[in-house]
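Heads up, the thing below is written out as C-alpha cells.
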Amino acid sequence: MAIQIRSRKKTKKVDFMQFLSGVPARDYVFQRIPYEEQIEQAEKLLREADAVLIGAGAGLSTAAGLSYGGKRFTDNFGEFIEKYGTAMTDMYSAGFYPFPTEEAKWGYWSKHVCLNRIRPDGLPLYRTVYELVREKPHFVLTTNVDHQFWKTGFADEEIFATQGDYGEIQCARGCHDKVYDAVGLFLEMDQAREDCKIPSSMVPKCPVCGGNMAMHLRCDQYFVEEEHWHEAASRYADFLKEHRKEHVVLLELGVGFNTPTIIRFPFEKMVGENERWSLIRLNLDEAVVPDSFGGRAVGINEDIARSIQDIKSSMDADRYGKGADCDE
Ligand SMILES: [Zn+2]
C-alpha cells in the first residue's frame with residue numbers, strides 16, 4: 001500500500017505528511033477514444049466497483065456554479081474592486097489581498113463566505129455525484145472548503161476536507177488546536193458591513209492568546225489540524241485499508257496542478273500499485289492519465305457538469321432500460 005497509517009489504537013493523530021506520498025506519472029496521455037465511449041467506460045467501471053473513493057478539487061465547484069472570476073466576481077464585489085483596485089481580479093486572489101486592518105479583512109471574508117459557503121444550497125452537480133455513489137461504500141477526499149458535500153447527502157463520516165472550511169475560524173497564530181464555527185458571525189458581519197469594513201466591535205479575537213483570528217484555511221504554517229480533522233484523516237486511512245483488496249474506483253473531479261500532492265499524485269500512485277483499482281479523471285482541460293494504466297484509467301477532458309450527467313444517464317439507461325432518461 002502506498003499509504004501506511006499506524007493503528008488508531010496506538011495514536012489518534014495522523015500526520016498529514018503521510019498522505020503526501022505521491023509521485024507523478026511520467027507517461028501522461030490524452031486519451032483519443034470518442035467521448036461516448038469514454039462515458040460508457042467510466043459508467044462500467046463505476047457500476048462494477050465495490051467501493052468509490054472521490055477526490056474533489058476546485059474544478060468541481062467551478063463546474064457546479066461557484067466560479068470565482070468573471071461576472072460572478074464583478075457583480076458581487078464591485079465596491080471592493082473600486083476600493084482596492086486592480087489587485088482584486090477574482091475571489092481567489094482577493095483572499096490573499098493584504099487588507100490594512102482587521103475590520104477590512106473580515107469585511108471581505110464575510111462577503112466571500114456568505115456568497116460561496118453559507119447562502120448556496122446543495123448544488124445539482126454535487127447532488128448528481130452523490131446519486132452516482134450513494135449505493136456503494138464511498139469516501140470523499142477534498143481540498144474544497146465550500147461545504148458542498150455536506151449539503152448534498154454525504155455524511156460527515158464520509159468526508160475528509162483537508163484544507164479547512166469557510167465556515168470556521170481559528171487563532172491566526174494557531175496557538176491552540178481548536179476551530180470555531182463562525183457562520184452566525186459572518187451573517188452578522190454581512191449585515192453590518194459599511195465601506196467594505198465591519199465595525200471594530202465585531203472583530204473576533206483569540207479566546208486563548210487574545211491575538212487576531214484567521215480563516216480556517218490552509219494558507220500558512222499556522223493551519224490548525226484539530227480533533228475533527230484528525231478523526232477524518234483516520235477514517236480516510238481506514239477506508240483505504242478496508243477496501244484495498246476490492247475493486248475500487250478513484251473518481252477524481254476537477255483536481256488540477258495547484259495542489260496535486262494531496263489528491264492527484266497519490267491517486268495515481270495508489271492505482272499504479274493496486275491492479276484492482278482504477279481511475280476516472282474528469283477535468284475541463286487537464287484530464288491526462290498515465291498511459292501505463294491501460295483500461296484501468298479513463299480521462300475525460302470536458303465540462304464536469306456534462307460528463308457527470310452523461311455518466312448518470314448512461315447508468316440509469318443501463319439499470320432501467322433505454323428511454324428511462326427521456327421521461328422526466
Ligand atoms: Zn491564539
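Labels for the C-alpha cells follow display order: chains A, B, ..., residues from 1 in each chain, ligands from 1.
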Taking 2 positions as the minimum chain separation for residues in the same chain, which residues sit within 10 Å of A:Asn301 when counting only C-alpha atoms? Answer as a list in words. Phe30, Gln31, Tyr35, Gln38, Arg281, Leu282, Asn283, Leu284, Asp285, Glu286, Ala287, Val288, Val298, Gly299, Asp303, Ile304 and Ser307 of chain A
For ligand 1, return the neighbouring residues as number ranges by chain (distance at most 7 Å; only C-alpha atoms and all ligand atoms). A: 171-176, 206-211
Writer output for current selection, N, CA and C atoms, as an mmCIF file, in the first residue's frame:
data_model
loop_
_atom_site.group_PDB
_atom_site.id
_atom_site.type_symbol
_atom_site.label_atom_id
_atom_site.label_comp_id
_atom_site.auth_asym_id
_atom_site.auth_seq_id
_atom_site.Cartn_x
_atom_site.Cartn_y
_atom_site.Cartn_z
ATOM 1 N N CYS A 171 -7.317 30.652 15.631
ATOM 2 C CA CYS A 171 -6.310 31.633 16.026
ATOM 3 C C CYS A 171 -5.349 31.838 14.854
ATOM 4 N N ALA A 172 -5.066 33.092 14.514
ATOM 5 C CA ALA A 172 -4.203 33.371 13.365
ATOM 6 C C ALA A 172 -2.805 32.797 13.544
ATOM 7 N N ARG A 173 -2.391 32.617 14.808
ATOM 8 C CA ARG A 173 -1.074 32.043 15.075
ATOM 9 C C ARG A 173 -1.169 30.573 15.451
ATOM 10 N N GLY A 174 -2.364 30.018 15.369
ATOM 11 C CA GLY A 174 -2.545 28.600 15.702
ATOM 12 C C GLY A 174 -2.087 28.254 17.103
ATOM 13 N N CYS A 175 -2.379 29.146 18.071
ATOM 14 C CA CYS A 175 -1.843 28.940 19.422
ATOM 15 C C CYS A 175 -2.495 27.764 20.133
ATOM 16 N N HIS A 176 -3.671 27.329 19.672
ATOM 17 C CA HIS A 176 -4.297 26.131 20.256
ATOM 18 C C HIS A 176 -5.072 25.394 19.158
ATOM 19 N N CYS A 206 -8.755 35.863 19.500
ATOM 20 C CA CYS A 206 -8.476 34.516 20.006
ATOM 21 C C CYS A 206 -8.816 34.445 21.491
ATOM 22 N N PRO A 207 -9.675 33.474 21.885
ATOM 23 C CA PRO A 207 -10.055 33.363 23.298
ATOM 24 C C PRO A 207 -8.905 32.895 24.188
ATOM 25 N N VAL A 208 -7.825 32.415 23.605
ATOM 26 C CA VAL A 208 -6.697 31.929 24.410
ATOM 27 C C VAL A 208 -5.581 32.970 24.512
ATOM 28 N N CYS A 209 -5.084 33.446 23.370
ATOM 29 C CA CYS A 209 -3.946 34.376 23.417
ATOM 30 C C CYS A 209 -4.364 35.836 23.209
ATOM 31 N N GLY A 210 -5.620 36.053 22.838
ATOM 32 C CA GLY A 210 -6.092 37.422 22.651
ATOM 33 C C GLY A 210 -5.679 38.049 21.316
ATOM 34 N N GLY A 211 -4.955 37.290 20.504
ATOM 35 C CA GLY A 211 -4.495 37.802 19.205
ATOM 36 C C GLY A 211 -5.578 37.744 18.138
#
Tell me which of A:Gln148, A:Ser201, A:Thr162, A:Asn212 sits closest to A:Ile262, counting only C-alpha atoms. A:Thr162
Going by DSSP on the backbone, which bits of stretch 19-257 of chain A are helix (DSSP H, G or I)? Write them as a PyMOL selection string, please. chain A and resi 19+35-48+58-64+70-76+78-87+91-94+102-118+124-133+148-151+156-158+183-192+200-202+227-242
Export of prior selection with C-alpha atoms as a JSON list (two decimals), in the first residue's frame:
[["chain", "number", "residue", "atom", "x", "y", "z"],
["A", 19, "PHE", "CA", -0.63, 11.39, 2.62],
["A", 35, "TYR", "CA", -16.34, 10.91, -25.79],
["A", 36, "GLU", "CA", -19.31, 8.50, -25.82],
["A", 37, "GLU", "CA", -17.00, 5.51, -25.38],
["A", 38, "GLN", "CA", -15.24, 7.22, -22.51],
["A", 39, "ILE", "CA", -18.59, 7.80, -20.79],
["A", 40, "GLU", "CA", -19.50, 4.12, -21.25],
["A", 41, "GLN", "CA", -16.14, 3.01, -19.93],
["A", 42, "ALA", "CA", -16.46, 5.26, -16.87],
["A", 43, "GLU", "CA", -20.01, 4.09, -16.23],
["A", 44, "LYS", "CA", -18.95, 0.43, -16.45],
["A", 45, "LEU", "CA", -16.08, 0.95, -14.00],
["A", 46, "LEU", "CA", -18.43, 2.65, -11.53],
["A", 47, "ARG", "CA", -21.16, 0.04, -11.96],
["A", 48, "GLU", "CA", -18.75, -2.81, -11.29],
["A", 58, "ALA", "CA", -11.64, 23.36, -7.20],
["A", 59, "GLY", "CA", -12.72, 22.40, -10.71],
["A", 60, "LEU", "CA", -15.75, 20.57, -9.33],
["A", 61, "SER", "CA", -17.11, 23.63, -7.54],
["A", 62, "THR", "CA", -16.39, 25.83, -10.54],
["A", 63, "ALA", "CA", -18.31, 23.42, -12.76],
["A", 64, "ALA", "CA", -21.11, 23.36, -10.17],
["A", 70, "GLY", "CA", -15.65, 36.92, -14.31],
["A", 71, "LYS", "CA", -19.15, 38.31, -13.95],
["A", 72, "ARG", "CA", -19.89, 36.50, -10.70],
["A", 73, "PHE", "CA", -16.94, 38.32, -9.14],
["A", 74, "THR", "CA", -17.59, 41.78, -10.62],
["A", 75, "ASP", "CA", -21.34, 41.57, -9.89],
["A", 76, "ASN", "CA", -20.76, 40.82, -6.21],
["A", 78, "GLY", "CA", -17.99, 45.98, -7.21],
["A", 79, "GLU", "CA", -17.31, 48.16, -4.15],
["A", 80, "PHE", "CA", -14.25, 46.09, -3.22],
["A", 81, "ILE", "CA", -12.82, 46.39, -6.73],
["A", 82, "GLU", "CA", -13.44, 50.14, -6.61],
["A", 83, "LYS", "CA", -11.77, 50.46, -3.23],
["A", 84, "TYR", "CA", -8.76, 48.15, -3.66],
["A", 85, "GLY", "CA", -8.12, 48.47, -7.37],
["A", 86, "THR", "CA", -6.63, 46.08, -9.87],
["A", 87, "ALA", "CA", -5.26, 43.62, -7.27],
["A", 91, "MET", "CA", -12.18, 35.78, -5.46],
["A", 92, "TYR", "CA", -9.16, 33.51, -5.25],
["A", 93, "SER", "CA", -6.55, 36.27, -5.41],
["A", 94, "ALA", "CA", -8.73, 38.67, -3.40],
["A", 102, "GLU", "CA", -8.89, 43.51, 10.72],
["A", 103, "GLU", "CA", -12.10, 45.42, 10.02],
["A", 104, "ALA", "CA", -11.25, 45.38, 6.29],
["A", 105, "LYS", "CA", -10.10, 41.74, 6.34],
["A", 106, "TRP", "CA", -13.36, 40.49, 7.86],
["A", 107, "GLY", "CA", -15.32, 42.90, 5.69],
["A", 108, "TYR", "CA", -14.04, 41.00, 2.68],
["A", 109, "TRP", "CA", -14.18, 37.47, 4.08],
["A", 110, "SER", "CA", -17.70, 37.76, 5.44],
["A", 111, "LYS", "CA", -18.88, 38.63, 1.93],
["A", 112, "HIS", "CA", -16.85, 35.82, 0.34],
["A", 113, "VAL", "CA", -18.10, 33.23, 2.84],
["A", 114, "CYS", "CA", -21.77, 34.25, 2.56],
["A", 115, "LEU", "CA", -21.55, 34.02, -1.22],
["A", 116, "ASN", "CA", -19.66, 30.73, -1.51],
["A", 117, "ARG", "CA", -20.34, 28.78, 1.67],
["A", 118, "ILE", "CA", -23.42, 29.96, 3.56],
["A", 124, "PRO", "CA", -27.18, 19.97, -8.64],
["A", 125, "LEU", "CA", -23.77, 18.74, -9.82],
["A", 126, "TYR", "CA", -22.78, 17.67, -6.31],
["A", 127, "ARG", "CA", -26.18, 16.00, -5.90],
["A", 128, "THR", "CA", -25.62, 14.01, -9.08],
["A", 129, "VAL", "CA", -22.20, 12.90, -7.84],
["A", 130, "TYR", "CA", -23.92, 11.66, -4.68],
["A", 131, "GLU", "CA", -26.53, 9.79, -6.74],
["A", 132, "LEU", "CA", -23.72, 8.04, -8.60],
["A", 133, "VAL", "CA", -22.10, 6.62, -5.48],
["A", 148, "GLN", "CA", -21.00, 21.33, -0.66],
["A", 149, "PHE", "CA", -20.52, 17.62, 0.11],
["A", 150, "TRP", "CA", -22.28, 18.07, 3.46],
["A", 151, "LYS", "CA", -25.16, 19.86, 1.75],
["A", 156, "ASP", "CA", -19.75, 13.80, 7.88],
["A", 157, "GLU", "CA", -18.09, 10.41, 8.50],
["A", 158, "GLU", "CA", -17.53, 10.04, 4.74],
["A", 183, "VAL", "CA", -21.40, 31.04, 10.26],
["A", 184, "GLY", "CA", -23.60, 33.18, 12.53],
["A", 185, "LEU", "CA", -20.84, 35.75, 12.94],
["A", 186, "PHE", "CA", -20.32, 36.03, 9.18],
["A", 187, "LEU", "CA", -24.05, 36.61, 8.64],
["A", 188, "GLU", "CA", -23.98, 39.42, 11.23],
["A", 189, "MET", "CA", -20.88, 40.92, 9.63],
["A", 190, "ASP", "CA", -22.58, 40.80, 6.25],
["A", 191, "GLN", "CA", -25.45, 42.90, 7.59],
["A", 192, "ALA", "CA", -23.20, 45.39, 9.40],
["A", 200, "SER", "CA", -14.50, 47.13, 15.25],
["A", 201, "SER", "CA", -16.79, 45.59, 17.87],
["A", 202, "MET", "CA", -17.30, 42.54, 15.61],
["A", 227, "GLU", "CA", -9.62, 16.80, 16.59],
["A", 228, "HIS", "CA", -12.28, 16.53, 13.87],
["A", 229, "TRP", "CA", -9.61, 16.90, 11.18],
["A", 230, "HIS", "CA", -7.59, 14.04, 12.67],
["A", 231, "GLU", "CA", -10.68, 11.86, 13.01],
["A", 232, "ALA", "CA", -11.48, 12.42, 9.33],
["A", 233, "ALA", "CA", -7.88, 11.59, 8.40],
["A", 234, "SER", "CA", -8.15, 8.34, 10.36],
["A", 235, "ARG", "CA", -11.41, 7.42, 8.66],
["A", 236, "TYR", "CA", -9.80, 8.02, 5.27],
["A", 237, "ALA", "CA", -6.92, 5.74, 6.20],
["A", 238, "ASP", "CA", -9.42, 3.12, 7.44],
["A", 239, "PHE", "CA", -11.37, 3.30, 4.16],
["A", 240, "LEU", "CA", -8.22, 2.68, 2.11],
["A", 241, "LYS", "CA", -7.28, -0.24, 4.31],
["A", 242, "GLU", "CA", -10.75, -1.80, 4.40]]
At a cut-off of 9 Å, using only C-alpha atoms, what residues contact A:Phe267? Leave out same-chain residues fewer than 3 positions from it and give the result as an MDAnalysis selection string. chainID A and resid 22 55 250 252 262:264 270:272 279
Since we have the selection now, will you write its residues out, keeping N, CA and C atoms, as a JSON list (two decimals), in the first residue's frame?
[["chain", "number", "residue", "atom", "x", "y", "z"],
["A", 22, "GLY", "N", 2.71, 10.87, -3.03],
["A", 22, "GLY", "CA", 2.54, 10.57, -4.45],
["A", 22, "GLY", "C", 3.73, 10.93, -5.31],
["A", 55, "GLY", "N", -12.17, 12.03, -5.16],
["A", 55, "GLY", "CA", -11.18, 13.07, -4.87],
["A", 55, "GLY", "C", -11.63, 14.33, -5.60],
["A", 250, "LEU", "N", -11.36, 5.22, -8.19],
["A", 250, "LEU", "CA", -10.97, 6.53, -7.69],
["A", 250, "LEU", "C", -11.54, 7.56, -8.67],
["A", 252, "GLU", "N", -11.90, 11.06, -9.66],
["A", 252, "GLU", "CA", -11.23, 12.34, -9.42],
["A", 252, "GLU", "C", -11.94, 13.45, -10.20],
["A", 262, "ILE", "N", -1.94, 16.40, -2.90],
["A", 262, "ILE", "CA", -2.95, 15.96, -1.93],
["A", 262, "ILE", "C", -3.85, 14.89, -2.52],
["A", 263, "ILE", "N", -4.28, 15.05, -3.76],
["A", 263, "ILE", "CA", -5.19, 14.08, -4.38],
["A", 263, "ILE", "C", -4.59, 13.47, -5.65],
["A", 264, "ARG", "N", -4.22, 14.29, -6.59],
["A", 264, "ARG", "CA", -3.88, 13.81, -7.93],
["A", 264, "ARG", "C", -2.71, 12.81, -7.94],
["A", 270, "MET", "N", -1.62, 5.17, -6.00],
["A", 270, "MET", "CA", -2.41, 4.06, -5.48],
["A", 270, "MET", "C", -2.92, 3.17, -6.60],
["A", 271, "VAL", "N", -3.39, 3.77, -7.69],
["A", 271, "VAL", "CA", -3.87, 2.97, -8.82],
["A", 271, "VAL", "C", -2.69, 2.22, -9.46],
["A", 272, "GLY", "N", -1.55, 2.88, -9.52],
["A", 272, "GLY", "CA", -0.36, 2.24, -10.08],
["A", 272, "GLY", "C", 0.07, 1.01, -9.29],
["A", 279, "LEU", "N", -8.97, 4.44, -12.18],
["A", 279, "LEU", "CA", -9.04, 5.89, -12.06],
["A", 279, "LEU", "C", -9.98, 6.48, -13.11]]
Kindly give the distance, in Å, that separates atom CA of A:Val179 and atom CA of A:Gly95, rounded to a single decimal. 19.2 Å
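Of note, atom CA of A:Asn274 and atom CA of A:Asp291 are spaced 15.5 Å apart.
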Which one is closest to A:Ile54: A:His138, A:His147, A:Arg296, A:Arg244? Count only C-alpha atoms. A:His138
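Using only C-alpha atoms, the protein and nucleic acid residues lying no more than 6 Å from A:Gln170, apart from those fewer than 3 places from it along its own chain, are Val179, Met213, Ala214 and His216 of chain A.
Atom CA of A:Tyr166 to atom CA of A:Ala182 spans 8.7 Å [interatomic distance, one decimal].
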